[in-house]
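Let me begin by presenting the structure, written as structure tokens, before commenting on it.
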Amino acid sequence: MSSAIEQQVTTFQEQFKRVRDEVSKVIVGCDDIIDGVLMSLLASGHVLLEGVPGLGKTKLVSTLSDVMHLKFSRIQFTPDLMPADITGTNVVQEDALGSKFLEFQQGPIFSNIVLADEVNRATPKTQSALLEAMEERSVTVGKTTHKLDSPFFVLATQNPLEMEGTYPLPEAQLDRFFMKLKVDYPTVASLHTILNRTTRTSEPKVERVLNQGEVLEMRKVVRAVPIARPVQDYAIRIMLATHPQPPYAHTLTMKYVRYGSSPRGAQALVIGGKIRALLQNRVHVSSEDIRSVAFGALRHRILLNFEGEAERVDTDTIIKGILEKTPEPT
């Protein structure tokens, strides 16, 4: 590596580590989840966090916003939430001369980091208010399109247990999430640390270590990492193996899958692989980098058929089978 590239990689690793270390002061036992969230932010993507209540999903997002000099807003999704409550609306105003005019009042979507808490509790009409913002980084109200600031990052949470009164996210919206991360229950050692930090007179405080310009610069570094054609072909074959049609289909996908990943899944594999390569002190993507991000990138993009749902097949099982059977590039 040249000295300039080596300096860029070193700076990237140091900034990533500083953010991870600060978030880890508050969030315990979730190193993989923290890495996945940061990778999605640096990939210009969004994250869906799934886990039972009380595991710190909301706390993770609010802590991340505290660590960065970025504007943060929280939206609690409920069945009576309306699209205008998210995007904002035109309000009639009156000037000093008594003339009335329409003025746009921005909603909470106009932030850098947006927490969509329990996103599956809102109706499909309200959920759809996020679609344009997540993909186009803009919001259209009436006939006017309003651009969102960069970076724009949505972290949505959902509870996999209490499904009464919920509305499952449509496939088009799921596909807009760069990763779906599962927040597991903490270990005994992690629980001891959590209790020691949260049941005493003072709780850990975090420092702001990254600003808006540094985040955007890290994104540029990620995009500049090259990937060899055979490794990119490996990512494509993994993505195509999630579809039930030959010639790349895995036996599990042919039996249990109705529809596989879109090209966004391959994009997530490649960009996630680039970030992991940088963290491993490399400026080229390897097959191991692709495999390491496969579960987060693909688990929400695989739609099960009736047989798969009836047998409660976990999409992670299908991805594991695909990774075992898909040959690496020679």
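A note on labels: chains of the structure tokens are A, B, ... as shown, every chain counts residues from 1, and ligands are counted from 1 in their shown order.
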
**Q.** Per-residue DSSP, region 237-296 of chain A, filtered to alpha helix (DSSP H), as a VMD selection string
**A.** chain A and resid 237 to 240 251 to 256 263 to 279 287 to 292 294 to 296

Closest atom pairs, residues of region 172-219 of chain A within 12 Å of region 42-60 of chain A, only C-alpha atoms, as CSV:
```
residue,atom,partner,partner_atom,distance
A:Gln173,CA,A:Leu48,CA,10.5
A:Leu174,CA,A:Leu48,CA,8.3
A:Asp175,CA,A:His46,CA,10.1
A:Arg176,CA,A:His46,CA,7.3
A:Phe177,CA,A:His46,CA,4.8
A:Phe178,CA,A:Gly45,CA,4.9
A:Met179,CA,A:Val47,CA,5.1
A:Lys180,CA,A:Leu48,CA,4.7
A:Leu181,CA,A:Leu49,CA,5.1
A:Lys182,CA,A:Glu50,CA,4.9
A:Val183,CA,A:Gly51,CA,4.9
A:Asp184,CA,A:Gly51,CA,6.6
A:Tyr185,CA,A:Leu55,CA,6.8
A:Pro186,CA,A:Leu55,CA,7.8
A:Thr187,CA,A:Leu55,CA,11.5
A:Ser190,CA,A:Leu55,CA,11.4
A:Leu191,CA,A:Leu55,CA,10.5
A:Ile194,CA,A:Gly56,CA,10.4
A:Gln212,CA,A:Leu42,CA,11.5
A:Glu214,CA,A:Leu42,CA,10.4
A:Val215,CA,A:Leu42,CA,7.0
A:Leu216,CA,A:Leu42,CA,7.9
A:Glu217,CA,A:Leu42,CA,9.4
A:Met218,CA,A:Leu42,CA,6.7
A:Arg219,CA,A:Leu42,CA,5.1
```

Could you take the residues named above and write them with C-alpha atoms, as a PDB file, in the first residue's frame?
```
ATOM      1  CA  GLN A 173     -39.686  -1.832   2.593  1.00  0.00           C
ATOM      2  CA  LEU A 174     -37.679  -4.764   3.980  1.00  0.00           C
ATOM      3  CA  ASP A 175     -35.502  -4.650   0.864  1.00  0.00           C
ATOM      4  CA  ARG A 176     -34.550  -1.048   1.637  1.00  0.00           C
ATOM      5  CA  PHE A 177     -32.790  -2.069   4.837  1.00  0.00           C
ATOM      6  CA  PHE A 178     -29.096  -2.698   4.272  1.00  0.00           C
ATOM      7  CA  MET A 179     -29.009  -5.217   7.140  1.00  0.00           C
ATOM      8  CA  LYS A 180     -31.353  -6.997   9.497  1.00  0.00           C
ATOM      9  CA  LEU A 181     -29.634  -7.677  12.811  1.00  0.00           C
ATOM     10  CA  LYS A 182     -30.943  -9.990  15.511  1.00  0.00           C
ATOM     11  CA  VAL A 183     -30.306  -8.807  19.066  1.00  0.00           C
ATOM     12  CA  ASP A 184     -29.769 -11.888  21.231  1.00  0.00           C
ATOM     13  CA  TYR A 185     -30.183 -12.240  24.982  1.00  0.00           C
ATOM     14  CA  PRO A 186     -27.012 -11.279  26.919  1.00  0.00           C
ATOM     15  CA  THR A 187     -24.763 -13.821  28.617  1.00  0.00           C
ATOM     16  CA  SER A 190     -22.731  -9.399  30.243  1.00  0.00           C
ATOM     17  CA  LEU A 191     -25.687  -9.237  32.645  1.00  0.00           C
ATOM     18  CA  ILE A 194     -25.091  -4.308  32.774  1.00  0.00           C
ATOM     19  CA  GLN A 212     -20.862  14.870   9.970  1.00  0.00           C
ATOM     20  CA  GLU A 214     -15.889  12.673   9.042  1.00  0.00           C
ATOM     21  CA  VAL A 215     -18.794  10.274   8.462  1.00  0.00           C
ATOM     22  CA  LEU A 216     -19.118  11.397   4.840  1.00  0.00           C
ATOM     23  CA  GLU A 217     -15.344  11.064   4.329  1.00  0.00           C
ATOM     24  CA  MET A 218     -15.394   7.508   5.731  1.00  0.00           C
ATOM     25  CA  ARG A 219     -18.144   6.665   3.245  1.00  0.00           C
TER      26      ARG A 219
END
```

(Q) Report as a list of chain:residue names all protein, DNA and RNA residues lying within 6 Å of region 74-77 of chain A, evaluated on only C-alpha atoms, omitting residues in the same chain fewer than 3 positions from it. (A) A:Val114, A:Leu115, A:Ala116, A:Asp117, A:Glu118, A:Val119, A:Arg121, A:Ala122

Q) Using only C-alpha atoms, which residues sit within 12 Å of Asp21 (chain A) once same-chain residues fewer than 6 positions away are excluded, as a list in words? A)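 Here the qualifying residues turn out to be Gln13, Glu14, Gln15, Ile27, Val28, Cys30, Asp31, Ile34, Asp35, Leu38, Thr63, Leu64, Val67, Lys205, Val206, Glu207, Arg208 and Val209 of chain A.
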
Just-selected residues, N, CA and C atoms written as an mmCIF file, in the first residue's frame:
```cif
data_model
loop_
_atom_site.group_PDB
_atom_site.id
_atom_site.type_symbol
_atom_site.label_atom_id
_atom_site.label_comp_id
_atom_site.auth_asym_id
_atom_site.auth_seq_id
_atom_site.Cartn_x
_atom_site.Cartn_y
_atom_site.Cartn_z
ATOM 1 N N GLN A 13 -9.843 3.011 10.430
ATOM 2 C CA GLN A 13 -9.878 2.052 11.530
ATOM 3 C C GLN A 13 -9.940 2.754 12.882
ATOM 4 N N GLU A 14 -9.177 3.828 13.042
ATOM 5 C CA GLU A 14 -9.160 4.553 14.315
ATOM 6 C C GLU A 14 -10.513 5.189 14.608
ATOM 7 N N GLN A 15 -11.134 5.800 13.587
ATOM 8 C CA GLN A 15 -12.430 6.438 13.798
ATOM 9 C C GLN A 15 -13.506 5.391 14.096
ATOM 10 N N ILE A 27 -23.571 0.068 25.859
ATOM 11 C CA ILE A 27 -24.169 -1.160 25.345
ATOM 12 C C ILE A 27 -23.192 -2.317 25.569
ATOM 13 N N VAL A 28 -23.638 -3.332 26.289
ATOM 14 C CA VAL A 28 -22.757 -4.427 26.710
ATOM 15 C C VAL A 28 -23.119 -5.713 25.968
ATOM 16 N N CYS A 30 -22.836 -6.666 22.876
ATOM 17 C CA CYS A 30 -23.451 -6.582 21.537
ATOM 18 C C CYS A 30 -22.441 -6.071 20.511
ATOM 19 N N ASP A 31 -21.218 -6.551 20.581
ATOM 20 C CA ASP A 31 -20.167 -6.046 19.686
ATOM 21 C C ASP A 31 -20.519 -6.262 18.218
ATOM 22 N N ILE A 34 -23.208 -3.736 17.225
ATOM 23 C CA ILE A 34 -22.630 -2.390 17.078
ATOM 24 C C ILE A 34 -21.866 -2.287 15.759
ATOM 25 N N ASP A 35 -21.059 -3.318 15.447
ATOM 26 C CA ASP A 35 -20.321 -3.319 14.178
ATOM 27 C C ASP A 35 -21.273 -3.286 12.992
ATOM 28 N N LEU A 38 -22.793 0.232 12.593
ATOM 29 C CA LEU A 38 -21.816 1.175 12.052
ATOM 30 C C LEU A 38 -21.510 0.888 10.584
ATOM 31 N N THR A 63 -27.595 6.085 21.973
ATOM 32 C CA THR A 63 -26.175 6.212 22.328
ATOM 33 C C THR A 63 -25.337 6.544 21.100
ATOM 34 N N LEU A 64 -25.654 5.907 19.988
ATOM 35 C CA LEU A 64 -24.931 6.184 18.742
ATOM 36 C C LEU A 64 -25.071 7.652 18.355
ATOM 37 N N VAL A 67 -22.806 9.797 20.426
ATOM 38 C CA VAL A 67 -21.384 9.674 20.105
ATOM 39 C C VAL A 67 -21.019 10.501 18.870
ATOM 40 N N LYS A 205 -20.998 7.748 30.835
ATOM 41 C CA LYS A 205 -21.218 8.853 29.910
ATOM 42 C C LYS A 205 -20.337 8.659 28.676
ATOM 43 N N VAL A 206 -20.860 9.051 27.532
ATOM 44 C CA VAL A 206 -20.096 8.911 26.293
ATOM 45 C C VAL A 206 -19.685 10.289 25.783
ATOM 46 N N GLU A 207 -18.629 10.306 24.989
ATOM 47 C CA GLU A 207 -18.138 11.545 24.389
ATOM 48 C C GLU A 207 -18.434 11.536 22.890
ATOM 49 N N ARG A 208 -18.607 12.701 22.333
ATOM 50 C CA ARG A 208 -18.821 12.816 20.894
ATOM 51 C C ARG A 208 -17.472 12.752 20.186
ATOM 52 N N VAL A 209 -17.315 11.779 19.309
ATOM 53 C CA VAL A 209 -16.002 11.534 18.714
ATOM 54 C C VAL A 209 -16.016 11.607 17.184
#
```

Q. Using only C-alpha atoms, which residue out of A:Ser138, A:Thr144, A:Gln7, A:Thr193 lies closest to Ser111 (chain A)?
A.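 Nearest to Ser111 (chain A): A:Ser138.
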
Q: Report the distance between CA of Met39 (chain A) and CA of Ala277 (chain A) in Å, rounded to one decimal place.
A: 11.5 Å
